$ cat coords.cif   # mmCIF, C-alpha atoms
data_run
loop_
_atom_site.label_atom_id
_atom_site.label_comp_id
_atom_site.auth_asym_id
_atom_site.auth_seq_id
_atom_site.Cartn_x
_atom_site.Cartn_y
_atom_site.Cartn_z
CA MET B 1 0.00 0.00 0.00
CA LYS B 2 2.81 2.32 0.94
CA ASN B 3 4.70 1.55 -2.29
CA LYS B 4 1.55 2.11 -4.31
CA PHE B 5 1.01 5.45 -2.61
CA GLY B 6 4.63 6.45 -3.27
CA SER B 7 4.44 5.37 -6.88
CA ARG B 8 1.26 7.33 -7.42
CA TYR B 9 2.53 10.60 -5.99
CA SER B 10 6.26 10.47 -6.74
CA ARG B 11 5.54 11.55 -10.30
CA PHE B 12 4.41 14.92 -8.91
CA LEU B 13 7.50 15.39 -6.74
CA PHE B 14 9.67 16.89 -9.48
CA PRO B 15 7.12 19.47 -10.76
CA GLY B 16 6.29 20.31 -7.16
CA LEU B 17 9.91 21.08 -6.36
CA VAL B 18 10.24 23.14 -9.53
CA LEU B 19 7.16 25.21 -8.68
CA ILE B 20 8.67 25.90 -5.25
CA LEU B 21 11.86 27.08 -7.00
CA VAL B 22 9.76 29.25 -9.34
CA SER B 23 8.11 30.86 -6.32
CA LEU B 24 11.49 31.58 -4.71
CA LEU B 25 12.75 32.97 -8.02
CA TYR B 26 9.72 35.26 -8.21
CA ILE B 27 10.44 36.64 -4.73
CA ALA B 28 14.12 37.21 -5.61
CA LEU B 29 13.30 38.96 -8.88
CA LEU B 30 10.62 41.07 -7.24
CA THR B 31 13.36 42.54 -5.07
CA ALA B 32 16.25 42.76 -7.54
CA LEU B 33 14.62 43.00 -10.99
CA PRO B 34 10.92 43.89 -10.81
CA LYS B 35 10.71 44.16 -14.62
CA TYR B 36 11.39 40.44 -14.92
CA ALA B 37 9.28 39.30 -11.98
CA GLY B 38 6.11 39.58 -14.05
CA ARG B 39 7.45 36.94 -16.44
CA VAL B 40 7.83 34.24 -13.79
CA PRO B 41 4.15 33.10 -13.86
CA PHE B 42 4.52 32.70 -17.63
CA LEU B 43 7.65 30.61 -16.98
CA ALA B 44 5.65 28.43 -14.58
CA ILE B 45 3.00 27.83 -17.27
CA LEU B 46 5.73 26.93 -19.77
CA PHE B 47 7.14 24.43 -17.32
CA LEU B 48 3.73 22.87 -16.71
CA ILE B 49 3.18 22.38 -20.45
CA ASP B 50 6.75 21.10 -20.75
CA TRP B 51 6.10 18.49 -18.07
CA ILE B 52 2.81 17.34 -19.64
CA VAL B 53 4.41 16.87 -23.06
CA TYR B 54 7.47 15.18 -21.55
CA ARG B 55 5.35 12.55 -19.83
CA ASP B 56 3.66 11.85 -23.16
CA VAL B 57 6.63 11.61 -25.53
CA ARG B 58 9.07 9.88 -23.21
CA ARG B 59 7.39 6.52 -23.94
CA PHE B 60 9.25 6.55 -27.26
CA TRP B 61 12.51 6.34 -25.33
CA LEU B 62 11.47 3.79 -22.68
CA LYS B 63 12.60 0.86 -24.83
CA PHE B 64 16.16 2.19 -24.96
CA SER B 65 18.93 1.67 -22.40
CA GLY B 66 19.17 3.70 -19.22
CA TRP B 67 21.83 6.11 -20.45
CA VAL B 68 19.76 6.95 -23.55
CA ARG B 69 16.73 7.67 -21.38
CA GLY B 70 18.91 9.78 -19.10
CA ALA B 71 20.35 11.72 -22.04
CA PHE B 72 16.84 12.35 -23.34
CA ALA B 73 15.74 13.68 -19.93
CA VAL B 74 18.77 15.99 -19.71
CA PHE B 75 18.22 17.26 -23.25
CA TRP B 76 14.52 17.81 -22.61
CA TRP B 77 14.93 19.83 -19.42
CA LEU B 78 18.00 21.79 -20.54
CA PRO B 79 16.08 24.71 -22.15
CA VAL B 80 13.97 25.55 -19.11
CA SER B 81 17.09 25.08 -16.96
CA LEU B 82 18.91 27.66 -19.11
CA LEU B 83 16.10 30.13 -18.50
CA PHE B 84 16.36 29.52 -14.76
CA ILE B 85 20.13 30.03 -14.92
CA PHE B 86 19.67 33.27 -16.87
CA LEU B 87 17.11 34.70 -14.46
CA ILE B 88 18.85 33.55 -11.28
CA GLY B 89 22.20 34.73 -12.63
CA SER B 90 20.76 38.16 -13.40
CA VAL B 91 19.84 38.53 -9.71
CA PHE B 92 23.40 37.95 -8.51
CA LEU B 93 25.35 39.43 -11.43
CA PRO B 94 23.88 42.43 -13.30
CA LEU B 95 23.34 41.64 -16.98
CA GLN B 96 25.54 44.53 -18.12
CA GLN B 97 28.49 42.63 -16.62
CA TRP B 98 27.82 39.42 -18.57
CA ASN B 99 29.79 38.33 -21.61
CA ASP B 100 27.87 38.90 -24.86
CA TYR B 101 27.45 35.25 -25.81
CA PRO B 102 25.80 33.87 -22.64
CA ARG B 103 23.71 37.04 -22.29
CA ILE B 104 22.33 36.62 -25.81
CA TYR B 105 22.31 32.87 -26.33
CA LEU B 106 21.30 31.48 -22.92
CA PRO B 107 17.76 32.85 -23.24
CA GLY B 108 17.92 32.61 -27.03
CA VAL B 109 18.59 28.87 -27.26
CA ALA B 110 16.10 28.27 -24.47
CA LEU B 111 13.38 30.16 -26.36
CA ILE B 112 14.07 28.31 -29.60
CA THR B 113 13.63 24.89 -28.00
CA ILE B 114 10.76 25.89 -25.72
CA ILE B 115 8.74 27.35 -28.61
CA SER B 116 9.43 24.16 -30.57
CA LYS B 117 7.99 22.16 -27.69
CA MET B 118 4.98 24.47 -27.59
CA ALA B 119 4.40 23.47 -31.23
CA MET B 120 4.57 19.85 -30.12
CA PHE B 121 1.99 20.59 -27.43
CA ALA B 122 -0.30 22.14 -30.07
CA GLY B 123 -0.09 18.92 -32.10
CA LEU B 124 -0.81 16.79 -29.03
CA LEU B 125 -3.69 18.92 -27.78
CA PRO B 126 -6.41 17.03 -29.73
CA ALA B 127 -5.13 13.78 -28.16
CA TYR B 128 -5.42 15.29 -24.69
CA LEU B 129 -8.96 16.44 -25.44
CA LEU B 130 -9.92 12.98 -26.71
CA ARG B 131 -8.44 11.46 -23.58
CA LEU B 132 -10.44 13.87 -21.41
CA VAL B 133 -13.69 13.08 -23.27
CA SER B 134 -12.98 9.38 -22.89
CA TYR B 135 -12.35 9.74 -19.17
CA LEU B 136 -15.52 11.79 -18.58
CA THR B 137 -17.92 9.82 -20.78
CA GLY B 138 -16.42 6.36 -21.18
CA LEU B 139 -16.43 6.84 -24.96
CA PHE B 140 -13.65 4.99 -26.82
CA ARG B 141 -13.08 2.78 -23.75
CA ARG B 142 -15.01 -0.23 -24.99
CA LYS B 143 -13.13 -3.48 -24.69
CA HIS B 144 -12.32 -3.82 -28.38
CA SER B 145 -12.08 -0.12 -29.32
CA ALA B 146 -8.76 0.69 -30.99
CA PHE B 147 -9.67 4.24 -31.95
CA LEU B 148 -8.13 6.08 -29.01
CA PRO B 149 -4.65 4.48 -29.18
CA VAL B 150 -4.50 5.03 -32.95
CA ALA B 151 -5.66 8.65 -32.63
CA GLU B 152 -3.19 9.35 -29.83
CA ARG B 153 -0.33 7.92 -31.87
CA PHE B 154 -1.32 10.02 -34.89
CA PHE B 155 -1.42 13.26 -32.89
CA ARG B 156 1.81 12.38 -31.08
CA ILE B 157 3.60 11.96 -34.41
CA THR B 158 1.97 15.19 -35.65
CA GLY B 159 3.27 17.03 -32.59
CA ILE B 160 6.81 15.77 -33.09
CA PHE B 161 6.64 16.74 -36.78
CA LEU B 162 5.44 20.28 -35.94
CA ALA B 163 8.17 20.66 -33.33
CA GLY B 164 10.79 19.64 -35.89
CA ILE B 165 9.51 22.16 -38.46
CA VAL B 166 9.48 24.98 -35.90
CA LEU B 167 12.96 24.06 -34.64
CA ILE B 168 14.34 24.13 -38.19
CA LEU B 169 12.68 27.48 -38.97
CA MET B 170 13.87 29.09 -35.75
CA THR B 171 17.40 27.85 -36.32
CA ILE B 172 17.47 29.28 -39.85
CA GLY B 173 15.95 32.48 -38.50
CA SER B 174 18.77 32.91 -36.00
CA VAL B 175 21.54 32.08 -38.47
CA TYR B 176 20.37 33.71 -41.72
CA TRP B 177 17.13 35.72 -41.60
CA VAL B 178 18.21 37.70 -38.52
CA TYR B 179 20.38 39.99 -40.68
CA LEU B 180 18.38 39.84 -43.91
CA PHE B 181 17.58 43.56 -43.96
CA ARG B 182 14.60 44.82 -45.93
CA VAL B 183 13.91 48.35 -47.15
CA GLU B 184 10.22 49.26 -46.81
CA LYS B 185 9.34 52.14 -49.15
CA VAL B 186 6.36 54.31 -48.23
CA GLU B 187 4.90 57.09 -50.39
CA LEU B 188 3.06 59.41 -47.98
CA PRO B 189 0.51 62.01 -49.17
CA ILE B 190 0.38 65.09 -46.92
CA ASP B 191 -2.31 67.79 -47.03
CA ASN B 192 -0.99 71.18 -48.16
CA LEU B 193 2.61 70.00 -48.31
CA PRO B 194 4.90 72.93 -49.20
CA SER B 195 6.56 72.43 -52.57
CA ARG B 196 9.96 72.64 -50.84
CA PHE B 197 9.19 69.37 -49.05
CA GLU B 198 7.95 67.53 -52.14
CA GLY B 199 9.83 64.24 -52.34
CA LEU B 200 11.56 64.75 -48.98
CA ARG B 201 13.21 61.47 -48.02
CA ILE B 202 12.98 60.35 -44.39
CA VAL B 203 14.73 57.15 -43.31
CA GLN B 204 13.53 55.55 -40.08
CA LEU B 205 15.45 53.04 -37.99
CA SER B 206 14.23 51.56 -34.74
CA ASP B 207 15.08 49.01 -32.04
CA ILE B 208 18.71 48.37 -32.92
CA HIS B 209 19.33 46.64 -29.55
CA LEU B 210 23.12 46.76 -29.75
CA GLY B 211 23.45 44.32 -26.86
CA SER B 212 22.21 41.56 -29.17
CA TRP B 213 24.86 42.07 -31.88
CA VAL B 214 28.03 39.98 -31.54
CA SER B 215 29.60 41.50 -34.67
CA VAL B 216 29.70 44.96 -36.22
CA LYS B 217 29.74 43.61 -39.80
CA PRO B 218 25.96 43.20 -40.31
CA LEU B 219 25.35 46.62 -38.74
CA GLN B 220 27.83 48.11 -41.21
CA ARG B 221 25.80 46.57 -44.05
CA ALA B 222 22.66 48.19 -42.67
CA VAL B 223 24.37 51.59 -42.39
CA ASP B 224 25.64 51.31 -45.97
CA GLU B 225 22.10 50.47 -47.10
CA VAL B 226 20.70 53.54 -45.31
CA MET B 227 23.24 55.88 -46.86
CA SER B 228 22.59 54.45 -50.34
CA LEU B 229 18.99 55.71 -49.99
CA LYS B 230 20.27 59.32 -49.88
CA PRO B 231 18.08 60.41 -46.94
CA ASP B 232 17.30 64.06 -46.24
CA ILE B 233 16.49 63.24 -42.61
CA ILE B 234 17.28 60.15 -40.53
CA VAL B 235 15.27 59.30 -37.42
CA PHE B 236 15.78 56.59 -34.83
CA THR B 237 12.77 55.68 -32.69
CA GLY B 238 14.34 54.14 -29.61
CA ASP B 239 15.81 51.03 -27.97
CA LEU B 240 19.45 51.50 -28.88
CA VAL B 241 20.47 49.07 -26.12
CA ASN B 242 19.03 46.15 -24.15
CA TYR B 243 20.23 46.76 -20.60
CA SER B 244 22.94 49.43 -20.30
CA THR B 245 25.02 51.94 -22.24
CA ASP B 246 28.08 49.65 -22.05
CA GLU B 247 26.60 47.79 -25.03
CA VAL B 248 27.34 50.66 -27.44
CA ARG B 249 31.12 50.23 -27.21
CA GLY B 250 32.62 49.09 -30.48
CA PHE B 251 29.78 50.46 -32.60
CA GLU B 252 30.68 54.17 -32.43
CA SER B 253 32.48 54.49 -35.76
CA THR B 254 29.77 52.57 -37.60
CA LEU B 255 26.78 54.52 -36.28
CA SER B 256 28.58 57.87 -36.70
CA GLN B 257 28.55 57.23 -40.48
CA LEU B 258 24.79 57.88 -40.51
CA LYS B 259 24.44 61.46 -41.71
CA ALA B 260 21.74 63.50 -43.44
CA PRO B 261 21.52 67.11 -44.73
CA TYR B 262 18.82 68.07 -42.21
CA GLY B 263 20.02 65.97 -39.31
CA VAL B 264 19.82 62.63 -37.51
CA TYR B 265 17.28 62.57 -34.67
CA ALA B 266 16.75 59.98 -31.96
CA ILE B 267 14.50 59.25 -28.99
CA LEU B 268 14.61 56.81 -26.09
CA GLY B 269 12.78 53.48 -25.94
CA ASN B 270 11.77 51.48 -22.90
CA HIS B 271 15.07 49.54 -22.89
CA ASP B 272 17.24 52.68 -22.90
CA TYR B 273 16.45 53.72 -19.32
CA GLY B 274 18.33 50.89 -17.59
CA ASP B 275 15.11 49.46 -16.13
CA TYR B 276 15.90 45.87 -17.16
CA THR B 277 18.96 45.26 -15.02
CA ALA B 278 20.07 45.79 -11.41
CA TRP B 279 22.08 48.84 -10.30
CA PRO B 280 24.02 49.33 -7.05
CA ASP B 281 22.17 52.62 -6.51
CA GLU B 282 20.21 55.34 -8.31
CA ALA B 283 23.38 57.34 -8.92
CA ALA B 284 24.80 54.48 -11.03
CA LYS B 285 21.58 54.32 -13.03
CA ARG B 286 21.67 58.08 -13.66
CA GLN B 287 25.31 57.82 -14.73
CA ASN B 288 24.27 55.17 -17.25
CA MET B 289 21.82 57.63 -18.82
CA THR B 290 24.43 60.40 -18.82
CA GLU B 291 26.79 58.10 -20.72
CA LEU B 292 24.06 57.33 -23.26
CA GLU B 293 23.47 61.05 -23.84
CA LEU B 294 27.21 61.57 -24.32
CA PHE B 295 27.30 58.69 -26.80
CA TYR B 296 24.62 60.32 -28.94
CA LYS B 297 26.64 63.54 -28.99
CA GLU B 298 29.75 61.55 -29.90
CA ILE B 299 28.13 59.99 -32.98
CA GLY B 300 26.43 63.24 -34.04
CA TRP B 301 22.79 62.30 -33.45
CA ARG B 302 20.37 64.79 -31.85
CA LEU B 303 18.69 63.06 -28.90
CA LEU B 304 15.23 64.50 -28.24
CA ARG B 305 14.04 63.99 -24.66
CA ASN B 306 10.60 65.60 -24.59
CA GLN B 307 12.05 68.15 -27.00
CA SER B 308 11.40 69.38 -30.51
CA GLU B 309 13.45 70.68 -33.42
CA LEU B 310 12.17 73.04 -36.12
CA ILE B 311 13.69 72.54 -39.57
CA THR B 312 13.27 75.51 -41.90
CA ILE B 313 13.99 75.19 -45.61
CA ASP B 314 13.45 78.53 -47.34
CA SER B 315 10.10 79.52 -45.76
CA ALA B 316 8.79 75.97 -45.30
CA ARG B 317 8.80 74.61 -41.73
CA LEU B 318 8.99 70.99 -40.58
CA LEU B 319 8.70 70.13 -36.90
CA VAL B 320 10.39 67.00 -35.55
CA ALA B 321 9.09 66.33 -32.02
CA GLY B 322 10.66 63.62 -29.89
CA VAL B 323 8.78 62.39 -26.83
CA GLU B 324 10.23 60.04 -24.24
CA ASN B 325 8.77 56.57 -23.83
CA TRP B 326 5.01 56.67 -23.28
CA SER B 327 2.88 53.54 -23.33
CA ALA B 328 -0.78 52.79 -22.80
CA THR B 329 0.35 49.47 -21.30
CA ALA B 330 0.64 49.54 -17.50
CA ARG B 331 3.87 47.52 -17.35
CA PHE B 332 5.84 50.30 -19.07
CA ARG B 333 6.55 53.58 -17.31
CA LYS B 334 5.36 56.83 -18.83
CA TYR B 335 8.43 59.05 -19.17
CA GLY B 336 6.90 61.08 -21.99
CA ASP B 337 5.30 64.50 -21.62
CA MET B 338 3.74 65.99 -24.75
CA LYS B 339 3.13 69.42 -23.22
CA THR B 340 6.82 69.78 -22.42
CA THR B 341 7.77 68.39 -25.83
CA LEU B 342 5.75 71.04 -27.69
CA LEU B 343 6.34 73.98 -25.36
CA GLY B 344 7.18 77.01 -27.48
CA TYR B 345 6.58 75.24 -30.79
CA PRO B 346 3.46 76.23 -32.74
CA GLU B 347 2.10 74.02 -35.49
CA ALA B 348 4.41 73.88 -38.52
CA ASP B 349 3.68 73.13 -42.19
CA VAL B 350 4.62 69.49 -41.56
CA ASN B 351 4.59 67.96 -38.09
CA ILE B 352 6.31 64.65 -37.31
CA LEU B 353 6.34 62.94 -33.92
CA LEU B 354 8.85 60.34 -32.80
CA SER B 355 7.29 58.12 -30.11
CA HIS B 356 8.72 54.68 -29.41
CA ASP B 357 5.56 52.83 -28.37
CA PRO B 358 2.73 52.75 -30.97
CA THR B 359 0.04 52.53 -28.27
CA HIS B 360 0.78 56.22 -27.59
CA TRP B 361 -0.69 57.19 -30.97
CA ASP B 362 -4.13 55.71 -30.40
CA ALA B 363 -4.31 56.54 -26.68
CA GLU B 364 -3.24 60.19 -26.76
CA ILE B 365 -1.88 61.59 -30.02
CA THR B 366 -4.92 61.18 -32.29
CA GLN B 367 -7.21 62.51 -29.54
CA SER B 368 -5.26 65.42 -28.09
CA TYR B 369 -2.55 66.25 -30.64
CA PRO B 370 -4.08 65.90 -34.12
CA ARG B 371 -1.57 68.42 -35.48
CA PHE B 372 0.84 65.56 -36.25
CA ASP B 373 0.77 64.49 -39.87
CA LEU B 374 2.97 61.50 -39.09
CA THR B 375 3.94 59.59 -35.96
CA LEU B 376 6.90 57.21 -36.21
CA SER B 377 7.15 54.31 -33.76
CA GLY B 378 8.82 50.93 -33.26
CA HIS B 379 8.84 48.75 -30.13
CA THR B 380 6.82 45.74 -31.36
CA HIS B 381 9.49 44.15 -33.63
CA GLY B 382 6.48 42.49 -35.28
CA MET B 383 7.32 39.92 -32.57
CA GLN B 384 10.22 38.96 -34.92
CA MET B 385 8.05 36.25 -36.42
CA GLY B 386 4.97 36.09 -38.60
CA ILE B 387 3.69 35.94 -42.16
CA GLU B 388 3.49 38.94 -44.47
CA THR B 389 2.30 38.71 -48.06
CA SER B 390 0.56 41.20 -50.35
CA GLY B 391 -2.85 39.95 -49.23
CA PHE B 392 -2.30 38.48 -45.79
CA ARG B 393 -0.54 39.49 -42.57
CA TRP B 394 -0.28 37.61 -39.31
CA SER B 395 1.99 37.82 -36.28
CA PRO B 396 1.62 37.02 -32.57
CA SER B 397 2.27 40.73 -32.14
CA GLN B 398 -1.26 41.55 -33.31
CA TYR B 399 -2.70 39.99 -30.15
CA LEU B 400 -0.77 42.51 -28.04
CA TYR B 401 -0.80 45.61 -30.25
CA LYS B 402 -3.56 47.07 -32.37
CA GLU B 403 -0.94 48.74 -34.58
CA TRP B 404 2.01 46.36 -34.81
CA ALA B 405 3.77 46.93 -38.15
CA GLY B 406 3.47 49.17 -41.19
CA LEU B 407 1.27 52.18 -42.00
CA TYR B 408 -1.97 53.15 -40.25
CA GLN B 409 -4.19 56.20 -40.52
CA HIS B 410 -6.79 58.08 -38.51
CA ILE B 411 -9.04 60.87 -39.76
CA SER B 412 -9.51 63.62 -37.18
CA SER B 413 -12.72 65.56 -36.55
CA THR B 414 -11.38 68.33 -38.82
CA GLY B 415 -10.84 65.88 -41.67
CA LYS B 416 -7.06 65.87 -41.32
CA VAL B 417 -5.34 62.51 -41.84
CA ASN B 418 -2.99 61.43 -39.05
CA TYR B 419 -0.57 58.67 -40.06
CA LEU B 420 1.29 56.20 -37.89
CA TYR B 421 4.16 54.11 -39.16
CA VAL B 422 5.40 51.23 -37.00
CA ASN B 423 8.90 50.07 -37.91
CA ARG B 424 9.60 46.34 -37.42
CA GLY B 425 13.00 47.02 -35.87
CA LEU B 426 16.54 46.52 -37.11
CA GLY B 427 17.78 44.38 -34.23
CA HIS B 428 16.38 41.67 -32.01
CA ILE B 429 16.02 40.71 -28.37
CA GLY B 430 15.00 37.50 -26.63
CA TYR B 431 14.84 35.19 -29.63
CA PRO B 432 18.08 35.91 -31.54
CA GLY B 433 16.48 35.65 -34.95
CA ARG B 434 13.66 36.49 -37.35
CA ILE B 435 11.04 34.37 -39.12
CA GLY B 436 8.89 36.05 -41.76
CA ILE B 437 9.31 39.52 -40.22
CA GLN B 438 12.55 40.88 -41.63
CA PRO B 439 14.70 43.53 -39.91
CA GLU B 440 13.59 46.82 -41.39
CA ILE B 441 14.92 50.05 -42.82
CA THR B 442 12.05 52.40 -43.71
CA LEU B 443 12.21 54.99 -46.50
CA ILE B 444 9.33 57.49 -46.40
CA ARG B 445 8.86 60.00 -49.21
CA LEU B 446 6.52 62.96 -48.69
CA HIS B 447 4.17 64.08 -51.46
CA ARG B 448 1.50 66.74 -51.73
CA LYS B 449 -1.99 65.25 -51.47
#
$ encode --input "coords.cif" --output "C-alpha cells"
Amino acid sequence: MKNKFGSRYSRFLFPGLVLILVSLLYIALLTALPKYAGRVPFLAILFLIDWIVYRDVRRFWLKFSGWVRGAFAVFWWLPVSLLFIFLIGSVFLPLQQWNDYPRIYLPGVALITIISKMAMFAGLLPAYLLRLVSYLTGLFRRKHSAFLPVAERFFRITGIFLAGIVLILMTIGSVYWVYLFRVEKVELPIDNLPSRFEGLRIVQLSDIHLGSWVSVKPLQRAVDEVMSLKPDIIVFTGDLVNYSTDEVRGFESTLSQLKAPYGVYAILGNHDYGDYTAWPDEAAKRQNMTELELFYKEIGWRLLRNQSELITIDSARLLVAGVENWSATARFRKYGDMKTTLLGYPEADVNILLSHDPTHWDAEITQSYPRFDLTLSGHTHGMQMGIETSGFRWSPSQYLYKEWAGLYQHISSTGKVNYLYVNRGLGHIGYPGRIGIQPEITLIRLHRK
C-alpha cells in the first residue's frame, strides 16, 4: 500500500519542487529585478506544459537503455534550466556585466527549444482532449475499441513533426534571416505639403538593440544600405540598447557614419532607461543615462528627450518632435510629456512625432494632438516572427498591439489625416532571430496630397 502510494505521488515530486523554485525565483526577482518578476508566472506555465508533453513523448525512449533515457531527460529539461540560470544569474550578477554570448544565447537557445515544444503541445492537444472526453464519458473505452490508441499515436507523431519544423525554422531564423535587412518604401501624401518638401526622403530606424549584436559587420551593411537611400532626414525611434550603455562600445564608428543634410534625430525606448537590469544605486543608473546622452553627442545624433526641433527650408517649416517613452500598457513607465515636448513650438507646415511605443498614438496623439501628420514608432518588432504577403498578414504581435507593423491612418474631426508608421526594428532581443518579419529600414517620401 505504501509503495503504491509512493508510486502514485512520486511523479508529482519533481514538478512540485520546480514550482517551489519558481516561487522563490519570483520573490528574488521582485526585489532585484521587478521588470522580470512579471514573467515568472509565464515561466511556470511553460514548465507545466513542458512536463505534460514530456510525460507523453518519453514513452518513445522507454525501450532504450538507461543512459539513452537519461540523455533524453537531460536534453529535454536543458532549455527551461537555461532560462532559470539566466534569471537567477541576473539577480546575482547584473546583466551589463555578462559576456555577450551567454547574455544573448542562454535565453535565445532556451526560447528556440521551448517554442518548438509548444508546437509539439499544439499537435498533441487534440489527443489530450480525446483522452479527457474518454475519461468523462467512457467513450472509446469499450473493450475492443482501438480508436483512441490510434488517434493518440497520430497526434503524437503530428506534434513531433510540428516541433521539428518549428525548430528548423527558428534555427534558420537565428543564423540567416536575422540579418536579412529589408527596405520598406512608403509614399506618404500630406495635405498642403509645401513644394519645398515635395519628395523629402525620411529614413527611419528603430530598435537596434546593440546588446544583441556579436559583430559589427551586419550593422555596417545596414548603415551602408541607409546611406545608399540618400536620406534628407534620418530618425531613430528608440531602444538603442538592451540593458545598459556599455553595449554601445565598439559600434561608435559605424553609427557615426549615418548622416543626413537636415540631421539625424533619436528618442529613447523602454530599454534605454536601464530598467531591465540591477544597479548598485540610483546614482549608477543616472550615470548610465548620462553616458548614453554623451554617446549620442559623440556619434552626431540629436537626442530629443521631450524636445522638438524646427527645420526651416526657405520659408517651409517641418517640426520633428521627440517624446520620451510613453505607453498605454501599464507595465511600461510613462516618461513622456507631450506638453513639455511642444512647449514654445506652434504648429508647422509638416509635423512629425517620434514616439517609441505605438500605443501612444491611439491613446493620446490622435485625440489630443491631431496636429501631427505622421507619428513614427517601433517597439513591437512584429514579434520577430509572422507571415506577411501582399494579401495576408499575421503575427503574434497583433494579439498585443492594435498597430504592430506598417502604415496606419486616422481621420480627425477636422478631416485631417494622421498617419502612424510602426517600424519592425533593425535588431532583435530574446529570440536571436527572425522568421517572416525581416529587420527593417524604412524609407518614407513625402508628397502633396
$ resolve_selection --input "coords.cif" --expression "the PyMOL selection byres ((chain B and resi 197-203) around 7)" --output "PyMOL selection string"
chain B and resi 193-196+204-205+231-235+442-448
$ write_last_selection --input "coords.cif" --atoms "C-alpha atoms" --output "PDB file, in the frame of the given file"
ATOM      1  CA  LEU B 193       2.610  70.000 -48.310  1.00  0.00           C
ATOM      2  CA  PRO B 194       4.900  72.930 -49.200  1.00  0.00           C
ATOM      3  CA  SER B 195       6.560  72.430 -52.570  1.00  0.00           C
ATOM      4  CA  ARG B 196       9.960  72.640 -50.840  1.00  0.00           C
ATOM      5  CA  GLN B 204      13.530  55.550 -40.080  1.00  0.00           C
ATOM      6  CA  LEU B 205      15.450  53.040 -37.990  1.00  0.00           C
ATOM      7  CA  PRO B 231      18.080  60.410 -46.940  1.00  0.00           C
ATOM      8  CA  ASP B 232      17.300  64.060 -46.240  1.00  0.00           C
ATOM      9  CA  ILE B 233      16.490  63.240 -42.610  1.00  0.00           C
ATOM     10  CA  ILE B 234      17.280  60.150 -40.530  1.00  0.00           C
ATOM     11  CA  VAL B 235      15.270  59.300 -37.420  1.00  0.00           C
ATOM     12  CA  THR B 442      12.050  52.400 -43.710  1.00  0.00           C
ATOM     13  CA  LEU B 443      12.210  54.990 -46.500  1.00  0.00           C
ATOM     14  CA  ILE B 444       9.330  57.490 -46.400  1.00  0.00           C
ATOM     15  CA  ARG B 445       8.860  60.000 -49.210  1.00  0.00           C
ATOM     16  CA  LEU B 446       6.520  62.960 -48.690  1.00  0.00           C
ATOM     17  CA  HIS B 447       4.170  64.080 -51.460  1.00  0.00           C
ATOM     18  CA  ARG B 448       1.500  66.740 -51.730  1.00  0.00           C
TER      19      ARG B 448
END
$ resolve_selection --input "coords.cif" --expression "the PyMOL selection byres ((chain B and resi 358-373) around 8)" --output "PyMOL selection string"
chain B and resi 190+326-329+347+350-353+355-357+374-375+377-379+401-404+410+412+416-420+422
$ residues_around --input "coords.cif" --residues "Gly159 of chain B" --least-positions-apart "4" --cutoff "8 Å" --atoms "only C-alpha atoms" --output "JSON, numbers by chain"
{"B": [119, 120, 121, 122, 123, 124, 155, 163]}
$ closest_residue --input "coords.cif" --among "B:Val68, B:Asn423, B:Pro107, B:Asn99" --to "Leu83 of chain B" --atoms "all atoms listed in the file"
B:Pro107
$ resolve_selection --input "coords.cif" --expression "the PyMOL selection byres ((chain B and resi 319) around 8)" --output "tab-separated table (two decimals) with C-alpha atoms, in the coordinates of the input"
chain	number	residue	atom	x	y	z
B	308	SER	CA	11.40	69.38	-30.51
B	309	GLU	CA	13.45	70.68	-33.42
B	310	LEU	CA	12.17	73.04	-36.12
B	311	ILE	CA	13.69	72.54	-39.57
B	317	ARG	CA	8.80	74.61	-41.73
B	318	LEU	CA	8.99	70.99	-40.58
B	320	VAL	CA	10.39	67.00	-35.55
B	321	ALA	CA	9.09	66.33	-32.02
B	347	GLU	CA	2.10	74.02	-35.49
B	348	ALA	CA	4.41	73.88	-38.52
B	349	ASP	CA	3.68	73.13	-42.19
B	350	VAL	CA	4.62	69.49	-41.56
B	351	ASN	CA	4.59	67.96	-38.09
B	352	ILE	CA	6.31	64.65	-37.31
$ atom_distance --input "coords.cif" --atom1 "atom CA of Gly250 of chain B" --atom2 "atom CA of Trp279 of chain B"
22.8 Å
$ closest_residue --input "coords.cif" --among "B:Gln96, B:Thr254, B:Asn306, B:Thr158" --to "Val241 of chain B" --atoms "all atoms listed in the file"
B:Gln96
$ atom_distance --input "coords.cif" --atom1 "atom CA of Tyr54 of chain B" --atom2 "atom CA of Val74 of chain B"
11.5 Å
$ build_atoms --input "coords.cif" --residues "segment 283-291 of chain B" --atoms "N, CA and C atoms" --output "PDB file, keeping the file's coordinate frame"
ATOM      1  N   ALA B 283      22.321  56.531  -8.315  1.00  0.00           N
ATOM      2  CA  ALA B 283      23.380  57.340  -8.920  1.00  0.00           C
ATOM      3  C   ALA B 283      24.023  56.595 -10.097  1.00  0.00           C
ATOM      4  N   ALA B 284      24.216  55.288  -9.945  1.00  0.00           N
ATOM      5  CA  ALA B 284      24.800  54.480 -11.030  1.00  0.00           C
ATOM      6  C   ALA B 284      23.855  54.425 -12.226  1.00  0.00           C
ATOM      7  N   LYS B 285      22.567  54.347 -11.949  1.00  0.00           N
ATOM      8  CA  LYS B 285      21.580  54.320 -13.030  1.00  0.00           C
ATOM      9  C   LYS B 285      21.548  55.659 -13.768  1.00  0.00           C
ATOM     10  N   ARG B 286      21.637  56.754 -13.022  1.00  0.00           N
ATOM     11  CA  ARG B 286      21.670  58.080 -13.660  1.00  0.00           C
ATOM     12  C   ARG B 286      22.934  58.251 -14.492  1.00  0.00           C
ATOM     13  N   GLN B 287      24.051  57.741 -13.989  1.00  0.00           N
ATOM     14  CA  GLN B 287      25.310  57.820 -14.730  1.00  0.00           C
ATOM     15  C   GLN B 287      25.211  57.061 -16.045  1.00  0.00           C
ATOM     16  N   ASN B 288      24.495  55.942 -16.029  1.00  0.00           N
ATOM     17  CA  ASN B 288      24.270  55.170 -17.250  1.00  0.00           C
ATOM     18  C   ASN B 288      23.555  56.008 -18.299  1.00  0.00           C
ATOM     19  N   MET B 289      22.545  56.776 -17.879  1.00  0.00           N
ATOM     20  CA  MET B 289      21.820  57.630 -18.820  1.00  0.00           C
ATOM     21  C   MET B 289      22.703  58.768 -19.311  1.00  0.00           C
ATOM     22  N   THR B 290      23.505  59.335 -18.425  1.00  0.00           N
ATOM     23  CA  THR B 290      24.430  60.400 -18.820  1.00  0.00           C
ATOM     24  C   THR B 290      25.385  59.903 -19.901  1.00  0.00           C
ATOM     25  N   GLU B 291      25.883  58.686 -19.729  1.00  0.00           N
ATOM     26  CA  GLU B 291      26.790  58.100 -20.720  1.00  0.00           C
ATOM     27  C   GLU B 291      26.093  57.868 -22.056  1.00  0.00           C
TER      28      GLU B 291
END
